[in-house]
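Engineer: File entry.cif follows (mmCIF, C-alpha atoms and all ligand atoms):
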data_target
loop_
_atom_site.label_atom_id
_atom_site.label_comp_id
_atom_site.auth_asym_id
_atom_site.auth_seq_id
_atom_site.Cartn_x
_atom_site.Cartn_y
_atom_site.Cartn_z
CA MET A 688 -79.50 -229.80 49.40
CA SER A 689 -82.56 -228.88 51.43
CA ASP A 690 -85.45 -227.11 49.76
CA LYS A 691 -86.18 -225.61 53.13
CA LEU A 692 -82.96 -223.63 53.17
CA GLU A 693 -83.90 -220.43 54.98
CA THR A 694 -82.24 -217.22 53.95
CA ALA A 695 -82.36 -213.86 55.65
CA GLY A 696 -83.17 -210.86 53.48
CA LEU A 697 -80.79 -209.01 51.19
CA ASP A 698 -78.80 -206.57 53.30
CA GLU A 699 -77.44 -203.25 52.04
CA THR A 700 -73.77 -204.26 51.94
CA SER A 701 -74.48 -207.44 49.95
CA PHE A 702 -76.78 -205.47 47.64
CA LYS A 703 -74.00 -202.96 47.01
CA SER A 704 -71.45 -205.68 46.12
CA ILE A 705 -73.94 -207.47 43.86
CA ALA A 706 -75.01 -204.22 42.18
CA GLU A 707 -71.36 -203.23 41.54
CA LEU A 708 -70.62 -206.63 40.07
CA ALA A 709 -73.74 -206.64 37.86
CA TYR A 710 -72.84 -203.17 36.59
CA LYS A 711 -69.26 -204.14 35.83
CA GLU A 712 -70.22 -207.41 34.13
CA SER A 713 -73.26 -206.37 32.13
CA GLY A 714 -74.01 -202.66 32.50
CA LEU A 715 -77.19 -203.47 34.44
CA GLN A 716 -78.04 -200.73 36.87
CA LEU A 717 -79.60 -202.16 40.01
CA VAL A 718 -81.31 -199.51 42.07
CA ALA A 719 -81.95 -199.71 45.80
CA GLU A 720 -85.70 -199.16 45.27
CA LYS A 721 -85.83 -202.54 43.51
CA MET A 722 -84.08 -204.39 46.35
CA SER A 723 -87.01 -206.64 47.15
CA MET A 724 -87.40 -207.68 43.50
CA ILE A 725 -83.66 -208.36 43.29
CA GLN A 726 -83.83 -210.37 46.49
CA SER A 727 -86.62 -212.56 45.14
CA ARG A 728 -84.86 -213.03 41.78
CA LEU A 729 -81.66 -214.13 43.52
CA ARG A 730 -83.14 -216.32 46.23
CA HIS A 731 -83.26 -219.38 43.98
CA ARG A 732 -79.59 -218.82 43.08
CA LEU A 733 -78.62 -219.07 46.75
CA LYS A 734 -80.59 -222.31 46.90
CA ALA A 735 -78.98 -223.62 43.71
CA VAL A 736 -75.45 -223.12 45.03
CA GLY A 737 -76.32 -224.19 48.59
CA ILE A 738 -75.54 -220.89 50.26
CA ASP A 739 -77.70 -219.79 53.18
CA SER A 740 -77.15 -216.03 53.34
CA PHE A 741 -76.83 -213.08 51.02
CA PRO A 742 -73.50 -211.89 52.51
CA LYS A 743 -71.96 -215.32 51.79
CA TYR A 744 -73.49 -215.34 48.29
CA ALA A 745 -72.17 -211.84 47.55
CA GLN A 746 -68.71 -212.89 48.71
CA PHE A 747 -68.82 -216.07 46.61
CA VAL A 748 -70.12 -214.49 43.41
CA CYS A 749 -67.52 -211.71 43.60
CA SER A 750 -64.67 -214.20 44.20
CA ASP A 751 -62.49 -215.99 41.61
CA ASN A 752 -64.51 -219.18 42.26
CA GLY A 753 -67.74 -217.41 41.43
CA ILE A 754 -67.10 -216.86 37.71
CA SER A 755 -69.70 -219.31 36.43
CA GLU A 756 -72.21 -218.22 39.07
CA ARG A 757 -71.83 -214.64 37.80
CA ARG A 758 -73.43 -215.68 34.52
CA GLU A 759 -76.28 -217.33 36.39
CA MET A 760 -76.69 -214.25 38.54
CA ILE A 761 -76.84 -211.94 35.48
CA SER A 762 -79.33 -214.33 33.89
CA ALA A 763 -81.51 -214.18 37.02
CA LEU A 764 -81.30 -210.38 37.16
CA THR A 765 -82.10 -209.57 33.54
CA THR A 766 -85.64 -208.91 32.37
CA ASN A 767 -86.47 -211.11 29.39
CA VAL A 768 -89.98 -209.94 28.56
CA SER A 769 -90.55 -209.80 24.81
CA HIS A 770 -93.35 -210.27 22.27
CA PHE A 771 -93.67 -211.10 18.63
CA PHE A 772 -94.06 -207.94 16.52
CA ARG A 773 -93.53 -205.71 19.54
CA GLU A 774 -93.54 -202.05 18.45
CA GLN A 775 -94.95 -202.79 15.02
CA HIS A 776 -93.82 -199.47 13.49
CA HIS A 777 -90.21 -200.71 13.20
CA PHE A 778 -91.38 -203.72 11.18
CA ASP A 779 -93.38 -201.33 8.96
CA ILE A 780 -90.21 -199.28 8.30
CA LEU A 781 -88.33 -202.49 7.55
CA GLN A 782 -90.98 -203.55 5.03
CA THR A 783 -91.79 -200.23 3.41
CA LYS A 784 -88.49 -198.37 3.50
CA VAL A 785 -85.44 -200.44 4.30
CA LEU A 786 -85.95 -203.62 2.28
CA PRO A 787 -87.39 -201.99 -0.87
CA ALA A 788 -84.25 -199.80 -1.03
CA LYS A 789 -81.97 -202.84 -0.75
CA ILE A 790 -83.73 -205.62 -2.61
CA ASP A 791 -82.07 -204.89 -5.97
CA VAL A 792 -78.63 -205.07 -4.36
CA LEU A 793 -79.58 -208.39 -2.77
CA ARG A 794 -80.87 -209.75 -6.07
CA LYS A 795 -77.50 -208.91 -7.60
CA GLY A 796 -75.71 -210.96 -4.96
CA GLY A 797 -75.24 -208.30 -2.27
CA ARG A 798 -75.70 -209.03 1.42
CA PHE A 799 -78.17 -207.69 3.96
CA ARG A 800 -77.55 -207.97 7.68
CA VAL A 801 -79.84 -207.29 10.64
CA TRP A 802 -78.79 -207.46 14.30
CA SER A 803 -81.25 -208.16 17.08
CA ALA A 804 -79.03 -207.00 19.96
CA GLY A 805 -80.51 -208.20 23.26
CA CYS A 806 -82.80 -210.68 21.50
CA SER A 807 -84.13 -212.34 24.67
CA ASN A 808 -86.16 -215.46 23.77
CA GLY A 809 -85.99 -214.73 20.05
CA GLN A 810 -89.39 -213.17 19.34
CA GLU A 811 -87.75 -210.06 17.86
CA ALA A 812 -85.48 -211.97 15.49
CA TYR A 813 -88.27 -214.30 14.30
CA SER A 814 -90.54 -211.26 13.77
CA ILE A 815 -87.83 -209.64 11.62
CA ALA A 816 -87.53 -212.86 9.62
CA MET A 817 -91.31 -213.18 9.13
CA ALA A 818 -91.83 -209.52 8.16
CA SER A 819 -88.94 -209.67 5.69
CA LEU A 820 -90.02 -212.95 4.08
CA ASP A 821 -93.62 -211.74 3.88
CA SER A 822 -92.39 -208.83 1.76
CA TYR A 823 -89.83 -210.76 -0.26
CA PRO A 824 -90.13 -214.58 -0.05
CA GLU A 825 -87.00 -214.87 -2.21
CA LEU A 826 -84.91 -213.58 0.72
CA SER A 827 -84.56 -217.14 2.02
CA GLN A 828 -82.46 -217.85 -1.10
CA LEU A 829 -80.45 -214.60 -0.95
CA ASP A 830 -77.64 -213.40 1.30
CA PHE A 831 -80.04 -212.20 3.99
CA LYS A 832 -79.07 -212.95 7.62
CA ILE A 833 -80.16 -211.92 11.07
CA LEU A 834 -77.81 -212.06 14.05
CA ALA A 835 -79.72 -212.60 17.31
CA SER A 836 -77.55 -212.08 20.39
CA ASP A 837 -78.02 -211.79 24.12
CA ILE A 838 -75.82 -211.81 27.22
CA ASP A 839 -77.90 -214.65 28.65
CA GLN A 840 -77.03 -218.08 27.23
CA LYS A 841 -80.32 -219.50 28.51
CA VAL A 842 -82.48 -217.22 26.38
CA VAL A 843 -80.14 -217.68 23.41
CA ASP A 844 -80.64 -221.47 23.71
CA PHE A 845 -84.40 -221.03 23.95
CA ALA A 846 -84.41 -218.72 20.93
CA SER A 847 -82.33 -221.06 18.83
CA GLU A 848 -84.65 -223.96 19.73
CA GLY A 849 -87.51 -221.75 18.48
CA THR A 850 -90.41 -223.57 20.14
CA TYR A 851 -93.08 -221.35 21.71
CA PRO A 852 -96.17 -222.26 23.71
CA GLN A 853 -99.35 -220.94 22.14
CA ARG A 854 -99.83 -218.28 24.82
CA LEU A 855 -96.62 -216.54 23.69
CA LEU A 856 -97.73 -216.36 20.07
CA SER A 857 -100.59 -213.87 20.33
CA GLY A 858 -98.73 -211.37 18.11
CA VAL A 859 -98.46 -213.89 15.26
CA ASN A 860 -101.54 -214.00 13.03
CA GLN A 861 -102.98 -217.28 11.75
CA ASP A 862 -101.48 -216.91 8.26
CA ARG A 863 -97.99 -216.45 9.66
CA LEU A 864 -98.46 -219.21 12.22
CA LYS A 865 -99.34 -221.62 9.42
CA LYS A 866 -96.62 -220.45 7.09
CA TYR A 867 -93.70 -220.20 9.53
CA PHE A 868 -94.44 -222.63 12.41
CA THR A 869 -95.22 -226.30 12.89
CA GLU A 870 -97.62 -227.26 15.66
CA CYS A 871 -96.39 -229.80 18.20
CA ARG A 872 -98.55 -231.00 21.08
CA ASP A 873 -96.89 -231.09 24.48
CA GLY A 874 -99.36 -232.53 27.00
CA ASN A 875 -102.42 -230.30 27.08
CA GLU A 876 -100.76 -227.24 25.65
CA SER A 877 -100.01 -226.68 21.98
CA SER A 878 -96.53 -225.48 21.09
CA PHE A 879 -95.32 -224.17 17.79
CA GLN A 880 -91.85 -224.70 16.41
CA ALA A 881 -90.30 -222.23 13.97
CA LYS A 882 -89.79 -223.81 10.54
CA SER A 883 -86.36 -223.83 8.98
CA LEU A 884 -87.67 -221.25 6.48
CA ILE A 885 -87.26 -218.58 9.19
CA LYS A 886 -84.79 -220.37 11.46
CA SER A 887 -82.20 -220.68 8.73
CA THR A 888 -82.08 -216.90 8.32
CA ILE A 889 -81.01 -216.39 11.96
CA ALA A 890 -77.67 -217.00 13.70
CA PHE A 891 -77.93 -217.08 17.51
CA LYS A 892 -75.06 -216.01 19.71
CA GLU A 893 -74.26 -215.22 23.32
CA LEU A 894 -72.83 -211.72 23.31
CA ASN A 895 -72.39 -209.11 26.02
CA LEU A 896 -72.93 -205.64 24.55
CA LEU A 897 -70.22 -204.33 26.87
CA SER A 898 -67.59 -206.74 25.51
CA ASP A 899 -65.88 -206.66 22.13
CA TRP A 900 -68.15 -207.40 19.20
CA PRO A 901 -66.69 -210.03 16.89
CA MET A 902 -68.82 -209.14 13.83
CA LYS A 903 -66.70 -208.01 10.93
CA GLN A 904 -69.57 -206.99 8.68
CA GLN A 905 -71.54 -203.82 9.15
CA MET A 906 -75.29 -204.08 9.66
CA ASP A 907 -78.09 -202.68 7.55
CA VAL A 908 -80.37 -202.52 10.58
CA ILE A 909 -79.78 -202.79 14.31
CA PHE A 910 -82.69 -203.53 16.63
CA CYS A 911 -81.55 -202.80 20.18
CA ARG A 912 -84.88 -202.39 21.88
CA ASN A 913 -85.75 -202.44 25.57
CA VAL A 914 -82.16 -203.25 26.52
CA ILE A 915 -80.38 -199.94 27.15
CA ILE A 916 -83.21 -198.86 29.44
CA TYR A 917 -81.46 -201.00 32.09
CA PHE A 918 -78.16 -199.12 31.57
CA ASP A 919 -77.09 -195.76 32.99
CA ALA A 920 -76.20 -192.74 30.81
CA VAL A 921 -72.46 -193.53 30.89
CA THR A 922 -73.00 -197.03 29.49
CA GLN A 923 -75.60 -195.83 26.98
CA ASN A 924 -73.27 -193.09 25.72
CA SER A 925 -70.43 -195.60 25.36
CA LEU A 926 -72.63 -197.69 23.06
CA TRP A 927 -73.76 -195.06 20.51
CA PRO A 928 -70.38 -194.68 18.74
CA ARG A 929 -70.03 -198.47 18.69
CA PHE A 930 -73.46 -198.94 17.15
CA ARG A 931 -72.66 -196.19 14.67
CA LYS A 932 -69.46 -197.96 13.61
CA GLN A 933 -71.30 -201.29 13.34
CA LEU A 934 -74.04 -199.78 11.18
CA LYS A 935 -73.69 -199.12 7.44
CA PRO A 936 -73.76 -195.39 6.61
CA ASP A 937 -77.33 -195.72 5.31
CA GLY A 938 -78.42 -198.15 8.04
CA PHE A 939 -81.15 -197.83 10.65
CA LEU A 940 -80.98 -198.15 14.44
CA PHE A 941 -84.23 -198.96 16.26
CA LEU A 942 -84.56 -198.44 20.03
CA GLY A 943 -87.34 -199.40 22.45
CA HIS A 944 -90.39 -197.21 23.07
CA SER A 945 -88.99 -195.52 26.19
CA GLU A 946 -85.39 -195.25 25.00
CA ARG A 947 -83.78 -192.19 23.42
CA ILE A 948 -80.36 -191.04 22.29
CA SER A 949 -80.16 -188.07 24.63
CA ASP A 950 -77.67 -186.08 22.56
CA PRO A 951 -78.01 -187.18 18.91
CA ASP A 952 -75.45 -184.55 17.81
CA LEU A 953 -72.69 -186.01 19.95
CA SER A 954 -73.64 -189.60 19.15
CA GLY A 955 -73.46 -189.03 15.38
CA PHE A 956 -77.04 -190.22 14.97
CA ALA A 957 -80.02 -188.25 13.78
CA ASN A 958 -83.56 -188.98 14.79
CA GLN A 959 -85.80 -190.14 11.97
CA GLY A 960 -89.12 -190.70 13.65
CA PRO A 961 -90.10 -192.37 16.91
CA THR A 962 -87.16 -194.37 18.31
CA THR A 963 -85.65 -194.59 14.82
CA TYR A 964 -82.13 -193.32 14.13
CA ARG A 965 -79.76 -193.08 11.17
CA HIS A 966 -76.20 -191.85 10.72
CA LYS A 967 -76.36 -188.08 10.90
CA ASN A 968 -74.87 -187.62 7.41
CA ALA A 969 -77.27 -190.09 5.84
CA HIS A 970 -80.15 -188.25 7.46
CA GLU A 971 -78.94 -184.87 6.19
CA GLU A 972 -78.40 -186.20 2.66
CA LEU A 973 -81.86 -187.68 2.70
CA ALA A 974 -83.44 -184.47 3.98
CA CYS A 975 -81.53 -182.58 1.30
CA LYS A 976 -82.73 -184.95 -1.42
CA GLU A 977 -86.26 -184.52 -0.18
CA ARG A 978 -85.86 -180.76 -0.48
CA LYS A 979 -84.57 -181.50 -4.01
CA CYS A 980 -81.30 -179.71 -3.43
CA LEU A 981 -79.09 -182.58 -4.58
C1 LIG A 1001 -86.51 -206.84 27.88
S1 LIG A 1001 -85.49 -207.87 26.91
C2 LIG A 1001 -85.70 -207.14 25.29
C3 LIG A 1001 -85.98 -208.16 24.23
C4 LIG A 1001 -86.29 -207.59 22.84
N1 LIG A 1001 -85.21 -206.79 22.34
C5 LIG A 1001 -87.57 -206.81 22.85
O1 LIG A 1001 -87.54 -205.58 22.71
O2 LIG A 1001 -88.64 -207.42 23.00
C6 LIG A 1001 -83.84 -207.29 27.36
C7 LIG A 1001 -82.74 -208.27 27.01
O3 LIG A 1001 -81.48 -207.59 27.09
C8 LIG A 1001 -80.51 -208.51 27.52
N2 LIG A 1001 -79.33 -207.81 28.04
C9 LIG A 1001 -79.21 -207.13 29.21
N3 LIG A 1001 -77.95 -206.68 29.36
C10 LIG A 1001 -77.27 -207.06 28.26
C11 LIG A 1001 -75.92 -206.91 27.84
N4 LIG A 1001 -75.02 -206.24 28.57
N5 LIG A 1001 -75.56 -207.45 26.66
C12 LIG A 1001 -76.46 -208.12 25.90
N6 LIG A 1001 -77.74 -208.31 26.25
C13 LIG A 1001 -78.15 -207.78 27.43
C14 LIG A 1001 -81.26 -209.32 28.57
O4 LIG A 1001 -80.64 -210.58 28.81
C15 LIG A 1001 -82.65 -209.44 27.96
O5 LIG A 1001 -82.82 -210.65 27.27
#
As structure tokens, please, write out the structure in this file.

Structural biologist:
Amino acid sequence: MSDKLETAGLDETSFKSIAELAYKESGLQLVAEKMSMIQSRLRHRLKAVGIDSFPKYAQFVCSDNGISERREMISALTTNVSHFFREQHHFDILQTKVLPAKIDVLRKGGRFRVWSAGCSNGQEAYSIAMASLDSYPELSQLDFKILASDIDQKVVDFASEGTYPQRLLSGVNQDRLKKYFTECRDGNESSFQAKSLIKSTIAFKELNLLSDWPMKQQMDVIFCRNVIIYFDAVTQNSLWPRFRKQLKPDGFLFLGHSERISDPDLSGFANQGPTTYRHKNAHEELACKERKCL
């Protein structure tokens, strides 16, 4: 296949077909204003499948033969930016509020589950593991597990490999780097591989949030941050009751910094601080306890 394959720009009809497909498959909302970004993200897909125009690509990816290309297309269209310890305040809540309330149950053989939903390259899940083990090193021996899932198999594979170039590790302080990672030189650049101490607490899985969720156990905490921002209100509103069902009655849901549950009353969630939500009843009971009326 020639590297010099020339493609004309993304036309409106092809954009519409691709946007409809992306929405149906993954909930991603592609807006016309971002057409040039979408065009540049998809150009290498055309090259990879040897197609020389966007109308032909749109036709192919929407056809029965395009099933595997659909996954590649979604992978190319998703934004995978993430950082270690992004939005630190959620890790503070985990360490100061959530885990202290549950540690006795864990010590008595109970389980604790966290879900990093839309985990991208794994920084969120490893940050959860590090923060938790910093507070309670014994967690590695207890029934403490993190599920890290994403629609994009490529990022799930990267996350489960757990090797990060130094430039991606700026959020990890030296103590943590030493304790939880092993340095491995790769040419001129240093890379760091997550040790099994944190890796063994995480299960990685490809999972589309719009599909059925196979998890039988309810979660103590759900991190779904900087994911639903790419969804429209209809898709977001379809997710709240599902998250609520998947979350233990006293569990916590953390969203990204620019994400909100627009109607907490309808969703069954109550706001408990910036981008932090709990089941409405749990929130009311807690508020009541704080007012000493229980
Ligand atoms: C910007 S990253 C967020 C990573 C991490 N949660 C954070 O806050 O740093 C968004 C991730 O959501 C994933 N995503 C998008 N649509 C999804 C869907 N329908 N189901 C599951 N994951 C999805 C993307 O593949 C991407 O890795």

Engineer: Between CA of Leu896 in chain A and CA of Phe918 in chain A, what is the spacing in Å?

Structural biologist: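 These atoms are spaced 10.9 Å apart.
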
Engineer: Given all atoms listed in the file as the basis, pick out the residue of A:Leu940, A:Val908, A:Ile725, A:Ile838 nearest to Leu786 in chain A.

Structural biologist: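 Looking only at the distances to Leu786 in chain A, the closest residue turns out to be A:Val908.
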
Engineer: Taking into account only C-alpha atoms, which residue in the set A:Ile754, A:Val748, A:Leu733, A:Leu864 is nearest to Glu707 in chain A?

Structural biologist: A:Val748

Engineer: Taking the point (-87.5, -201.9, 19.2) as given in the file, collect each protein or nucleic acid residue that comes within 10 Å of it, counting all atoms listed in the file, and present the set as a short mmCIF file (atom, residue, chain, number, x, y, z; two decimals) with C-alpha atoms, in the coordinates of the input.

Structural biologist:
data_model
loop_
_atom_site.label_atom_id
_atom_site.label_comp_id
_atom_site.auth_asym_id
_atom_site.auth_seq_id
_atom_site.Cartn_x
_atom_site.Cartn_y
_atom_site.Cartn_z
CA PHE A 772 -94.06 -207.94 16.52
CA ARG A 773 -93.53 -205.71 19.54
CA GLU A 774 -93.54 -202.05 18.45
CA GLN A 775 -94.95 -202.79 15.02
CA HIS A 776 -93.82 -199.47 13.49
CA HIS A 777 -90.21 -200.71 13.20
CA PHE A 778 -91.38 -203.72 11.18
CA SER A 803 -81.25 -208.16 17.08
CA ALA A 804 -79.03 -207.00 19.96
CA GLU A 811 -87.75 -210.06 17.86
CA ILE A 909 -79.78 -202.79 14.31
CA PHE A 910 -82.69 -203.53 16.63
CA CYS A 911 -81.55 -202.80 20.18
CA ARG A 912 -84.88 -202.39 21.88
CA ASN A 913 -85.75 -202.44 25.57
CA VAL A 914 -82.16 -203.25 26.52
CA LEU A 940 -80.98 -198.15 14.44
CA PHE A 941 -84.23 -198.96 16.26
CA LEU A 942 -84.56 -198.44 20.03
CA GLY A 943 -87.34 -199.40 22.45
CA HIS A 944 -90.39 -197.21 23.07
CA SER A 945 -88.99 -195.52 26.19
CA GLU A 946 -85.39 -195.25 25.00
CA THR A 962 -87.16 -194.37 18.31
CA THR A 963 -85.65 -194.59 14.82
#

Engineer: Just how far from CA of Gln853 in chain A is CA of Phe891 in chain A, in Å to one decimal?

Structural biologist: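 Distance between the two atoms: 22.3 Å.
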
Engineer: Of the candidates A:Gly737, A:Gly805, A:Gly796, A:Gly955, which one gets nearest to Lys932 in chain A if we count all atoms listed in the file?

Structural biologist: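 Result for the nearest residue to Lys932 in chain A: A:Gly955.
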
Engineer: Rank nothing, just name the residue among A:Glu848, A:Asp907, A:Asp830, A:Glu759 nearest to ligand LIG 1001 (chain A), using all atoms listed in the file.

Structural biologist: A:Glu759

Engineer: CA of Ala969 in chain A and CA of Ile948 in chain A, how far apart in Å?

Structural biologist: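 Taking CA of Ile948 in chain A and CA of Ala969 in chain A, their separation equals 16.8 Å.
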
Engineer: Looking at A:Ser898, A:Gln828, A:Gln726, A:Ser887, which one is nearest to ligand LIG 1001 (chain A), with distances taken over all atoms listed in the file?

Structural biologist: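 Among the listed residues, the smallest separation from ligand LIG 1001 (chain A) belongs to A:Ser898.
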
Engineer: Counting only C-alpha atoms and all ligand atoms, figure out which residue out of A:Ile885, A:Ile780, A:Ile790, A:Ala709 gets nearest to ligand LIG 1001 (chain A).

Structural biologist: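 Using only C-alpha atoms and all ligand atoms, ligand LIG 1001 (chain A) sits closest to A:Ala709.
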
Engineer: Step by step: start from the point (-87.8, -214.3, 22.4) in the file's coordinates, keep every protein, DNA or RNA residue that has an atom no farther than 10 Å from it, count only C-alpha atoms, and write the set as a count of residues only.

Structural biologist: 25

Engineer: At a cut-off of 7 Å, using all atoms listed in the file, what residues contact Met906 in chain A? Leave out same-chain residues fewer than 6 positions from it and give the result as an MDAnalysis selection string.

Structural biologist: chainID A and resid 800:802 933:935 938

Engineer: For Tyr744 in chain A, list every protein, DNA or RNA residue within 10 Å, evaluated using all atoms listed in the file, and leave out those in the same chain fewer than 2 positions away; present the list as an NGL selection string.

Structural biologist: :A and (701 or 705 or 729-730 or 732-733 or 736-742 or 746-750 or 753 or 756)

Engineer: So that I can check the surroundings of Pro901 in chain A, please list as a list in words every protein, DNA and RNA residue that reaches within 12 Å of it, counting all atoms listed in the file and ignoring chain neighbours fewer than 3 positions away.

Structural biologist: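 Once the nearby chain positions are removed, what remains is Leu834, Ser836, Lys892, Glu893, Leu894, Asn895, Leu896, Ser898, Gln904, Gln905 and Gln933 of chain A.
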
Engineer: Determine, counting all atoms listed in the file, which protein, DNA and RNA residues have an atom within 12 Å of an atom of Asp952 in chain A; residues of the same chain fewer than 3 positions away are not included. Present the result as a ChimeraX atom specification.

Structural biologist: /A:924,927-928,948-949,955-958,964-968,970
